$ cat structure.cif   # mmCIF, N, CA and C atoms
data_data
loop_
_atom_site.group_PDB
_atom_site.id
_atom_site.type_symbol
_atom_site.label_atom_id
_atom_site.label_comp_id
_atom_site.auth_asym_id
_atom_site.auth_seq_id
_atom_site.Cartn_x
_atom_site.Cartn_y
_atom_site.Cartn_z
ATOM 1 N N MET A 457 -17.701 48.983 -28.019
ATOM 2 C CA MET A 457 -16.957 48.874 -26.778
ATOM 3 C C MET A 457 -17.903 49.232 -25.633
ATOM 4 N N ASN A 458 -17.986 48.350 -24.659
ATOM 5 C CA ASN A 458 -18.881 48.646 -23.553
ATOM 6 C C ASN A 458 -18.129 49.302 -22.391
ATOM 7 N N LEU A 459 -18.889 49.740 -21.433
ATOM 8 C CA LEU A 459 -18.341 50.513 -20.326
ATOM 9 C C LEU A 459 -17.349 49.703 -19.490
ATOM 10 N N ARG A 460 -17.627 48.423 -19.298
ATOM 11 C CA ARG A 460 -16.732 47.567 -18.513
ATOM 12 C C ARG A 460 -15.362 47.476 -19.190
ATOM 13 N N VAL A 461 -15.342 47.342 -20.500
ATOM 14 C CA VAL A 461 -14.080 47.251 -21.241
ATOM 15 C C VAL A 461 -13.322 48.573 -21.155
ATOM 16 N N ILE A 462 -14.030 49.659 -21.245
ATOM 17 C CA ILE A 462 -13.391 50.979 -21.144
ATOM 18 C C ILE A 462 -12.713 51.138 -19.786
ATOM 19 N N LYS A 463 -13.417 50.765 -18.724
ATOM 20 C CA LYS A 463 -12.848 50.896 -17.376
ATOM 21 C C LYS A 463 -11.642 49.984 -17.196
ATOM 22 N N LYS A 464 -11.701 48.781 -17.729
ATOM 23 C CA LYS A 464 -10.561 47.867 -17.634
ATOM 24 C C LYS A 464 -9.368 48.407 -18.422
ATOM 25 N N ASP A 465 -9.631 49.007 -19.575
ATOM 26 C CA ASP A 465 -8.554 49.603 -20.372
ATOM 27 C C ASP A 465 -7.883 50.746 -19.611
ATOM 28 N N ILE A 466 -8.684 51.568 -18.955
ATOM 29 C CA ILE A 466 -8.128 52.682 -18.178
ATOM 30 C C ILE A 466 -7.225 52.135 -17.076
ATOM 31 N N GLU A 467 -7.724 51.169 -16.332
ATOM 32 C CA GLU A 467 -6.936 50.575 -15.250
ATOM 33 C C GLU A 467 -5.651 49.949 -15.782
ATOM 34 N N PHE A 468 -5.750 49.215 -16.876
ATOM 35 C CA PHE A 468 -4.577 48.545 -17.434
ATOM 36 C C PHE A 468 -3.540 49.545 -17.921
ATOM 37 N N LEU A 469 -3.962 50.529 -18.693
ATOM 38 C CA LEU A 469 -3.009 51.470 -19.287
ATOM 39 C C LEU A 469 -2.322 52.326 -18.232
ATOM 40 N N VAL A 470 -3.088 52.819 -17.272
ATOM 41 C CA VAL A 470 -2.491 53.645 -16.217
ATOM 42 C C VAL A 470 -1.603 52.773 -15.326
ATOM 43 N N GLY A 471 -2.065 51.569 -15.009
ATOM 44 C CA GLY A 471 -1.253 50.656 -14.215
ATOM 45 C C GLY A 471 0.045 50.292 -14.914
ATOM 46 N N ASP A 472 -0.010 50.109 -16.210
ATOM 47 C CA ASP A 472 1.186 49.795 -16.994
ATOM 48 C C ASP A 472 2.181 50.954 -16.939
ATOM 49 N N PHE A 473 1.675 52.172 -17.032
ATOM 50 C CA PHE A 473 2.568 53.332 -16.944
ATOM 51 C C PHE A 473 3.204 53.420 -15.562
ATOM 52 N N ILE A 474 2.434 53.156 -14.522
ATOM 53 C CA ILE A 474 2.979 53.217 -13.165
ATOM 54 C C ILE A 474 4.042 52.138 -12.973
ATOM 55 N N GLU A 475 3.823 50.962 -13.544
ATOM 56 C CA GLU A 475 4.851 49.916 -13.495
ATOM 57 C C GLU A 475 6.120 50.380 -14.201
ATOM 58 N N ASP A 476 5.962 51.045 -15.334
ATOM 59 C CA ASP A 476 7.127 51.584 -16.046
ATOM 60 C C ASP A 476 7.878 52.581 -15.169
ATOM 61 N N CYS A 477 7.137 53.401 -14.446
ATOM 62 C CA CYS A 477 7.768 54.376 -13.552
ATOM 63 C C CYS A 477 8.550 53.675 -12.446
ATOM 64 N N LEU A 478 7.966 52.628 -11.869
ATOM 65 C CA LEU A 478 8.651 51.901 -10.807
ATOM 66 C C LEU A 478 9.931 51.234 -11.327
ATOM 67 N N LEU A 479 9.846 50.631 -12.490
ATOM 68 C CA LEU A 479 11.037 50.016 -13.082
ATOM 69 C C LEU A 479 12.095 51.069 -13.405
ATOM 70 N N PHE A 480 11.640 52.205 -13.908
ATOM 71 C CA PHE A 480 12.567 53.296 -14.212
ATOM 72 C C PHE A 480 13.290 53.733 -12.946
ATOM 73 N N ALA A 481 12.545 53.882 -11.855
ATOM 74 C CA ALA A 481 13.143 54.331 -10.594
ATOM 75 C C ALA A 481 14.168 53.309 -10.087
ATOM 76 N N MET A 482 13.896 52.021 -10.291
ATOM 77 C CA MET A 482 14.834 50.991 -9.838
ATOM 78 C C MET A 482 16.124 50.990 -10.652
ATOM 79 N N PHE A 483 16.010 51.206 -11.951
ATOM 80 C CA PHE A 483 17.182 51.099 -12.814
ATOM 81 C C PHE A 483 17.919 52.421 -13.020
ATOM 82 N N HIS A 484 17.314 53.517 -12.648
ATOM 83 C CA HIS A 484 17.944 54.833 -12.807
ATOM 84 C C HIS A 484 18.043 55.503 -11.441
ATOM 85 N N GLU A 485 18.963 55.019 -10.652
ATOM 86 C CA GLU A 485 19.118 55.550 -9.301
ATOM 87 C C GLU A 485 19.646 56.980 -9.286
ATOM 88 N N GLU A 486 20.206 57.418 -10.394
ATOM 89 C CA GLU A 486 20.733 58.783 -10.456
ATOM 90 C C GLU A 486 19.625 59.828 -10.535
ATOM 91 N N VAL A 487 18.431 59.406 -10.905
ATOM 92 C CA VAL A 487 17.282 60.327 -10.971
ATOM 93 C C VAL A 487 16.565 60.278 -9.623
ATOM 94 N N PRO A 488 16.311 61.430 -9.007
ATOM 95 C CA PRO A 488 15.621 61.427 -7.710
ATOM 96 C C PRO A 488 14.231 60.778 -7.805
ATOM 97 N N THR A 489 13.935 59.943 -6.830
ATOM 98 C CA THR A 489 12.657 59.225 -6.844
ATOM 99 C C THR A 489 11.471 60.176 -6.746
ATOM 100 N N GLU A 490 11.678 61.330 -6.173
ATOM 101 C CA GLU A 490 10.574 62.286 -6.043
ATOM 102 C C GLU A 490 10.034 62.698 -7.413
ATOM 103 N N LYS A 491 10.928 62.801 -8.379
ATOM 104 C CA LYS A 491 10.495 63.185 -9.732
ATOM 105 C C LYS A 491 9.641 62.093 -10.362
ATOM 106 N N VAL A 492 9.984 60.848 -10.099
ATOM 107 C CA VAL A 492 9.201 59.734 -10.632
ATOM 108 C C VAL A 492 7.866 59.644 -9.901
ATOM 109 N N GLU A 493 7.886 59.921 -8.596
ATOM 110 C CA GLU A 493 6.643 59.903 -7.822
ATOM 111 C C GLU A 493 5.661 60.959 -8.318
ATOM 112 N N VAL A 494 6.178 62.087 -8.736
ATOM 113 C CA VAL A 494 5.320 63.142 -9.292
ATOM 114 C C VAL A 494 4.599 62.625 -10.537
ATOM 115 N N LEU A 495 5.320 61.906 -11.392
ATOM 116 C CA LEU A 495 4.702 61.347 -12.598
ATOM 117 C C LEU A 495 3.653 60.294 -12.250
ATOM 118 N N MET A 496 3.926 59.477 -11.246
ATOM 119 C CA MET A 496 2.947 58.471 -10.839
ATOM 120 C C MET A 496 1.697 59.131 -10.274
ATOM 121 N N ASN A 497 1.880 60.208 -9.521
ATOM 122 C CA ASN A 497 0.718 60.947 -8.999
ATOM 123 C C ASN A 497 -0.082 61.586 -10.128
ATOM 124 N N GLU A 498 0.616 62.095 -11.136
ATOM 125 C CA GLU A 498 -0.077 62.653 -12.292
ATOM 126 C C GLU A 498 -0.875 61.577 -13.021
ATOM 127 N N ALA A 499 -0.324 60.376 -13.106
ATOM 128 C CA ALA A 499 -1.030 59.266 -13.749
ATOM 129 C C ALA A 499 -2.278 58.896 -12.959
ATOM 130 N N ASN A 500 -2.163 58.877 -11.632
ATOM 131 C CA ASN A 500 -3.333 58.596 -10.800
ATOM 132 C C ASN A 500 -4.389 59.687 -10.944
ATOM 133 N N ASP A 501 -3.956 60.929 -11.011
ATOM 134 C CA ASP A 501 -4.901 62.035 -11.212
ATOM 135 C C ASP A 501 -5.601 61.922 -12.564
ATOM 136 N N LEU A 502 -4.837 61.537 -13.583
ATOM 137 C CA LEU A 502 -5.419 61.336 -14.913
ATOM 138 C C LEU A 502 -6.478 60.238 -14.864
ATOM 139 N N ALA A 503 -6.154 59.130 -14.211
ATOM 140 C CA ALA A 503 -7.110 58.027 -14.103
ATOM 141 C C ALA A 503 -8.363 58.461 -13.356
ATOM 142 N N ASP A 504 -8.192 59.192 -12.257
ATOM 143 C CA ASP A 504 -9.347 59.670 -11.497
ATOM 144 C C ASP A 504 -10.235 60.571 -12.348
ATOM 145 N N ASP A 505 -9.595 61.456 -13.107
ATOM 146 C CA ASP A 505 -10.338 62.373 -13.974
ATOM 147 C C ASP A 505 -11.100 61.610 -15.066
ATOM 148 N N ILE A 506 -10.437 60.652 -15.677
ATOM 149 C CA ILE A 506 -11.068 59.870 -16.743
ATOM 150 C C ILE A 506 -12.207 59.024 -16.181
ATOM 151 N N PHE A 507 -11.985 58.382 -15.031
ATOM 152 C CA PHE A 507 -13.053 57.595 -14.415
ATOM 153 C C PHE A 507 -14.251 58.465 -14.063
ATOM 154 N N ASP A 508 -13.993 59.677 -13.596
ATOM 155 C CA ASP A 508 -15.083 60.597 -13.276
ATOM 156 C C ASP A 508 -15.893 60.928 -14.524
ATOM 157 N N LYS A 509 -15.210 61.161 -15.636
ATOM 158 C CA LYS A 509 -15.908 61.445 -16.890
ATOM 159 C C LYS A 509 -16.691 60.232 -17.379
ATOM 160 N N VAL A 510 -16.104 59.036 -17.234
ATOM 161 C CA VAL A 510 -16.781 57.818 -17.676
ATOM 162 C C VAL A 510 -18.043 57.573 -16.853
ATOM 163 N N ASN A 511 -17.946 57.782 -15.559
ATOM 164 C CA ASN A 511 -19.065 57.469 -14.667
ATOM 165 C C ASN A 511 -20.160 58.527 -14.641
ATOM 166 N N HIS A 512 -19.877 59.724 -15.144
ATOM 167 C CA HIS A 512 -20.862 60.810 -15.083
ATOM 168 C C HIS A 512 -20.995 61.536 -16.421
ATOM 169 N N PRO A 513 -21.475 60.844 -17.448
ATOM 170 C CA PRO A 513 -21.661 61.542 -18.732
ATOM 171 C C PRO A 513 -22.859 62.487 -18.657
ATOM 172 N N ALA A 514 -22.813 63.517 -19.473
ATOM 173 C CA ALA A 514 -23.956 64.430 -19.553
ATOM 174 C C ALA A 514 -25.129 63.686 -20.194
ATOM 175 N N LYS A 515 -26.329 64.104 -19.890
ATOM 176 C CA LYS A 515 -27.522 63.384 -20.367
ATOM 177 C C LYS A 515 -27.800 63.598 -21.848
ATOM 178 N N ASP A 516 -27.306 64.661 -22.416
ATOM 179 C CA ASP A 516 -27.664 64.977 -23.798
ATOM 180 C C ASP A 516 -26.560 64.671 -24.817
ATOM 181 N N VAL A 517 -25.586 63.835 -24.443
ATOM 182 C CA VAL A 517 -24.498 63.519 -25.366
ATOM 183 C C VAL A 517 -24.709 62.149 -26.001
ATOM 184 N N LYS A 518 -24.114 61.979 -27.174
ATOM 185 C CA LYS A 518 -24.117 60.670 -27.813
ATOM 186 C C LYS A 518 -22.996 59.863 -27.169
ATOM 187 N N LEU A 519 -23.363 58.778 -26.521
ATOM 188 C CA LEU A 519 -22.414 58.045 -25.685
ATOM 189 C C LEU A 519 -21.242 57.460 -26.460
ATOM 190 N N LYS A 520 -21.485 56.952 -27.643
ATOM 191 C CA LYS A 520 -20.398 56.338 -28.403
ATOM 192 C C LYS A 520 -19.301 57.367 -28.709
ATOM 193 N N ALA A 521 -19.683 58.523 -29.168
ATOM 194 C CA ALA A 521 -18.717 59.581 -29.465
ATOM 195 C C ALA A 521 -18.076 60.108 -28.177
ATOM 196 N N TYR A 522 -18.864 60.183 -27.119
ATOM 197 C CA TYR A 522 -18.372 60.674 -25.829
ATOM 198 C C TYR A 522 -17.272 59.760 -25.291
ATOM 199 N N TYR A 523 -17.535 58.459 -25.273
ATOM 200 C CA TYR A 523 -16.538 57.515 -24.763
ATOM 201 C C TYR A 523 -15.333 57.412 -25.689
ATOM 202 N N SER A 524 -15.543 57.572 -26.963
ATOM 203 C CA SER A 524 -14.430 57.590 -27.900
ATOM 204 C C SER A 524 -13.505 58.767 -27.603
ATOM 205 N N GLN A 525 -14.077 59.919 -27.320
ATOM 206 C CA GLN A 525 -13.282 61.103 -26.984
ATOM 207 C C GLN A 525 -12.558 60.912 -25.652
ATOM 208 N N ILE A 526 -13.206 60.261 -24.707
ATOM 209 C CA ILE A 526 -12.560 60.000 -23.420
ATOM 210 C C ILE A 526 -11.320 59.134 -23.621
ATOM 211 N N MET A 527 -11.432 58.108 -24.464
ATOM 212 C CA MET A 527 -10.277 57.249 -24.705
ATOM 213 C C MET A 527 -9.160 58.024 -25.408
ATOM 214 N N LYS A 528 -9.512 58.928 -26.300
ATOM 215 C CA LYS A 528 -8.497 59.768 -26.946
ATOM 216 C C LYS A 528 -7.807 60.648 -25.911
ATOM 217 N N ASP A 529 -8.583 61.189 -24.969
ATOM 218 C CA ASP A 529 -8.005 62.003 -23.900
ATOM 219 C C ASP A 529 -7.050 61.180 -23.034
ATOM 220 N N LEU A 530 -7.437 59.941 -22.764
ATOM 221 C CA LEU A 530 -6.579 59.051 -21.974
ATOM 222 C C LEU A 530 -5.266 58.798 -22.710
ATOM 223 N N TYR A 531 -5.349 58.456 -23.990
ATOM 224 C CA TYR A 531 -4.137 58.195 -24.773
ATOM 225 C C TYR A 531 -3.246 59.435 -24.839
ATOM 226 N N LYS A 532 -3.843 60.588 -25.008
ATOM 227 C CA LYS A 532 -3.075 61.834 -25.066
ATOM 228 C C LYS A 532 -2.389 62.102 -23.725
ATOM 229 N N GLY A 533 -3.132 61.920 -22.635
ATOM 230 C CA GLY A 533 -2.558 62.137 -21.312
ATOM 231 C C GLY A 533 -1.409 61.183 -21.022
ATOM 232 N N LEU A 534 -1.585 59.919 -21.373
ATOM 233 C CA LEU A 534 -0.521 58.945 -21.149
ATOM 234 C C LEU A 534 0.675 59.210 -22.058
ATOM 235 N N ASP A 535 0.424 59.665 -23.261
ATOM 236 C CA ASP A 535 1.518 60.012 -24.168
ATOM 237 C C ASP A 535 2.342 61.159 -23.589
ATOM 238 N N ASP A 536 1.668 62.150 -23.029
ATOM 239 C CA ASP A 536 2.373 63.267 -22.396
ATOM 240 C C ASP A 536 3.203 62.799 -21.202
ATOM 241 N N LEU A 537 2.625 61.891 -20.403
ATOM 242 C CA LEU A 537 3.354 61.369 -19.250
ATOM 243 C C LEU A 537 4.569 60.545 -19.687
ATOM 244 N N CYS A 538 4.423 59.769 -20.747
ATOM 245 C CA CYS A 538 5.557 58.995 -21.272
ATOM 246 C C CYS A 538 6.659 59.923 -21.771
ATOM 247 N N ALA A 539 6.282 61.022 -22.365
ATOM 248 C CA ALA A 539 7.275 61.997 -22.820
ATOM 249 C C ALA A 539 8.027 62.587 -21.625
ATOM 250 N N LYS A 540 7.321 62.845 -20.529
ATOM 251 C CA LYS A 540 7.978 63.366 -19.326
ATOM 252 C C LYS A 540 8.926 62.332 -18.730
ATOM 253 N N LEU A 541 8.518 61.064 -18.733
ATOM 254 C CA LEU A 541 9.382 60.004 -18.216
ATOM 255 C C LEU A 541 10.621 59.866 -19.099
ATOM 256 N N SER A 542 10.443 59.980 -20.384
ATOM 257 C CA SER A 542 11.566 59.925 -21.312
ATOM 258 C C SER A 542 12.526 61.091 -21.078
ATOM 259 N N ALA A 543 11.970 62.262 -20.811
ATOM 260 C CA ALA A 543 12.813 63.421 -20.522
ATOM 261 C C ALA A 543 13.607 63.210 -19.237
ATOM 262 N N LEU A 544 12.991 62.550 -18.252
ATOM 263 C CA LEU A 544 13.725 62.230 -17.026
ATOM 264 C C LEU A 544 14.891 61.289 -17.328
ATOM 265 N N ALA A 545 14.660 60.336 -18.197
ATOM 266 C CA ALA A 545 15.716 59.394 -18.561
ATOM 267 C C ALA A 545 16.875 60.119 -19.224
ATOM 268 N N LYS A 546 16.557 61.041 -20.104
ATOM 269 C CA LYS A 546 17.608 61.794 -20.795
ATOM 270 C C LYS A 546 18.370 62.693 -19.829
ATOM 271 N N SER A 547 17.659 63.321 -18.900
ATOM 272 C CA SER A 547 18.334 64.195 -17.944
ATOM 273 C C SER A 547 19.182 63.390 -16.972
ATOM 274 N N GLY A 548 18.726 62.185 -16.616
ATOM 275 C CA GLY A 548 19.487 61.340 -15.700
ATOM 276 C C GLY A 548 20.768 60.835 -16.307
ATOM 277 N N LYS A 549 20.742 60.495 -17.592
ATOM 278 C CA LYS A 549 21.940 60.001 -18.259
ATOM 279 C C LYS A 549 22.984 61.099 -18.362
ATOM 280 N N GLY A 550 22.537 62.321 -18.576
ATOM 281 C CA GLY A 550 23.481 63.436 -18.667
ATOM 282 C C GLY A 550 24.199 63.665 -17.355
ATOM 283 N N LYS A 551 23.493 63.526 -16.233
ATOM 284 C CA LYS A 551 24.121 63.725 -14.931
ATOM 285 C C LYS A 551 25.095 62.602 -14.615
ATOM 286 N N LYS A 552 24.739 61.388 -14.986
ATOM 287 C CA LYS A 552 25.607 60.251 -14.691
ATOM 288 C C LYS A 552 26.898 60.339 -15.491
ATOM 289 N N ASN A 553 26.798 60.754 -16.752
ATOM 290 C CA ASN A 553 27.986 60.864 -17.584
ATOM 291 C C ASN A 553 28.876 62.022 -17.156
ATOM 292 N N ALA A 554 28.289 63.057 -16.550
ATOM 293 C CA ALA A 554 29.054 64.220 -16.145
ATOM 294 C C ALA A 554 29.896 63.916 -14.911
ATOM 295 N N GLU A 555 29.477 62.928 -14.118
ATOM 296 C CA GLU A 555 30.196 62.624 -12.886
ATOM 297 C C GLU A 555 31.426 61.859 -13.107
#
$ encode --input "structure.cif" --output "structure tokens"
Amino acid sequence: MNLRVIKKDIEFLVGDFIEDCLLFAMFHEEVPTEKVEVLMNEANDLADDIFDKVNHPAKDVKLKAYYSQIMKDLYKGLDDLCAKLSALAKSGKGKKNAE
């Protein structure tokens, strides 16, 4: 996997999550948009952090293992964000049913 593919994967995966957040906000009006915006900001921060790591590797590391670990970190971060979005969905449904 080359560096260009890694960067495109980061952009695609984070962009896909942000699209999910926007769709969630449109279809779940009972959940305050500020909570969804927080998740989108966290996704942008994750992307910035990952891009910084990709663009500035240490000189004494094995690049293949380094980039492999970066992708694992990206997947873990996005998995955590998806779990938070799912928790928002569950909390929103509870409020709607209570009304």
$ atom_distance --input "structure.cif" --atom1 "CA of Lys509 (chain A)" --atom2 "CA of Glu490 (chain A)"
28.6 Å
$ closest_residue --input "structure.cif" --among "A:Met482, A:Leu495, A:Pro488, A:Gly471" --to "Gly548 (chain A)" --atoms "all atoms listed in the file"
A:Pro488
$ resolve_selection --input "structure.cif" --expression "the PyMOL selection byres ((chain A and resi 524-538) around 8)" --output "ChimeraX atom specification"
/A:462,466,469-470,473,495,498-499,502-503,506,509-510,518-523,539-544
$ write_last_selection --input "structure.cif" --atoms "N, CA and C atoms" --output "compact mmCIF listing (two decimals), in the frame of the given file"
# COMPACT_ATOMS: atom_id res chain seq x y z
N ILE A 462 -14.03 49.66 -21.24
CA ILE A 462 -13.39 50.98 -21.14
C ILE A 462 -12.71 51.14 -19.79
N ILE A 466 -8.68 51.57 -18.95
CA ILE A 466 -8.13 52.68 -18.18
C ILE A 466 -7.22 52.14 -17.08
N LEU A 469 -3.96 50.53 -18.69
CA LEU A 469 -3.01 51.47 -19.29
C LEU A 469 -2.32 52.33 -18.23
N VAL A 470 -3.09 52.82 -17.27
CA VAL A 470 -2.49 53.64 -16.22
C VAL A 470 -1.60 52.77 -15.33
N PHE A 473 1.68 52.17 -17.03
CA PHE A 473 2.57 53.33 -16.94
C PHE A 473 3.20 53.42 -15.56
N LEU A 495 5.32 61.91 -11.39
CA LEU A 495 4.70 61.35 -12.60
C LEU A 495 3.65 60.29 -12.25
N GLU A 498 0.62 62.10 -11.14
CA GLU A 498 -0.08 62.65 -12.29
C GLU A 498 -0.88 61.58 -13.02
N ALA A 499 -0.32 60.38 -13.11
CA ALA A 499 -1.03 59.27 -13.75
C ALA A 499 -2.28 58.90 -12.96
N LEU A 502 -4.84 61.54 -13.58
CA LEU A 502 -5.42 61.34 -14.91
C LEU A 502 -6.48 60.24 -14.86
N ALA A 503 -6.15 59.13 -14.21
CA ALA A 503 -7.11 58.03 -14.10
C ALA A 503 -8.36 58.46 -13.36
N ILE A 506 -10.44 60.65 -15.68
CA ILE A 506 -11.07 59.87 -16.74
C ILE A 506 -12.21 59.02 -16.18
N LYS A 509 -15.21 61.16 -15.64
CA LYS A 509 -15.91 61.44 -16.89
C LYS A 509 -16.69 60.23 -17.38
N VAL A 510 -16.10 59.04 -17.23
CA VAL A 510 -16.78 57.82 -17.68
C VAL A 510 -18.04 57.57 -16.85
N LYS A 518 -24.11 61.98 -27.17
CA LYS A 518 -24.12 60.67 -27.81
C LYS A 518 -23.00 59.86 -27.17
N LEU A 519 -23.36 58.78 -26.52
CA LEU A 519 -22.41 58.04 -25.68
C LEU A 519 -21.24 57.46 -26.46
N LYS A 520 -21.48 56.95 -27.64
CA LYS A 520 -20.40 56.34 -28.40
C LYS A 520 -19.30 57.37 -28.71
N ALA A 521 -19.68 58.52 -29.17
CA ALA A 521 -18.72 59.58 -29.46
C ALA A 521 -18.08 60.11 -28.18
N TYR A 522 -18.86 60.18 -27.12
CA TYR A 522 -18.37 60.67 -25.83
C TYR A 522 -17.27 59.76 -25.29
N TYR A 523 -17.54 58.46 -25.27
CA TYR A 523 -16.54 57.52 -24.76
C TYR A 523 -15.33 57.41 -25.69
N ALA A 539 6.28 61.02 -22.36
CA ALA A 539 7.28 62.00 -22.82
C ALA A 539 8.03 62.59 -21.62
N LYS A 540 7.32 62.84 -20.53
CA LYS A 540 7.98 63.37 -19.33
C LYS A 540 8.93 62.33 -18.73
N LEU A 541 8.52 61.06 -18.73
CA LEU A 541 9.38 60.00 -18.22
C LEU A 541 10.62 59.87 -19.10
N SER A 542 10.44 59.98 -20.38
CA SER A 542 11.57 59.92 -21.31
C SER A 542 12.53 61.09 -21.08
N ALA A 543 11.97 62.26 -20.81
CA ALA A 543 12.81 63.42 -20.52
C ALA A 543 13.61 63.21 -19.24
N LEU A 544 12.99 62.55 -18.25
CA LEU A 544 13.72 62.23 -17.03
C LEU A 544 14.89 61.29 -17.33
$ atom_distance --input "structure.cif" --atom1 "atom N of Asp476 (chain A)" --atom2 "CA of Val492 (chain A)"
10.4 Å
$ select_by_dssp --input "structure.cif" --residues "region 484-534 of chain A" --states "helix (DSSP H, G or I)" --output "count of residues only"
39
$ closest_residue --input "structure.cif" --among "A:Val517, A:Ile474, A:Ala545, A:Met457" --to "Glu493 (chain A)" --atoms "only C-alpha atoms"
A:Ile474
$ atom_distance --input "structure.cif" --atom1 "CA of Asp508 (chain A)" --atom2 "CA of Val461 (chain A)"
15.6 Å
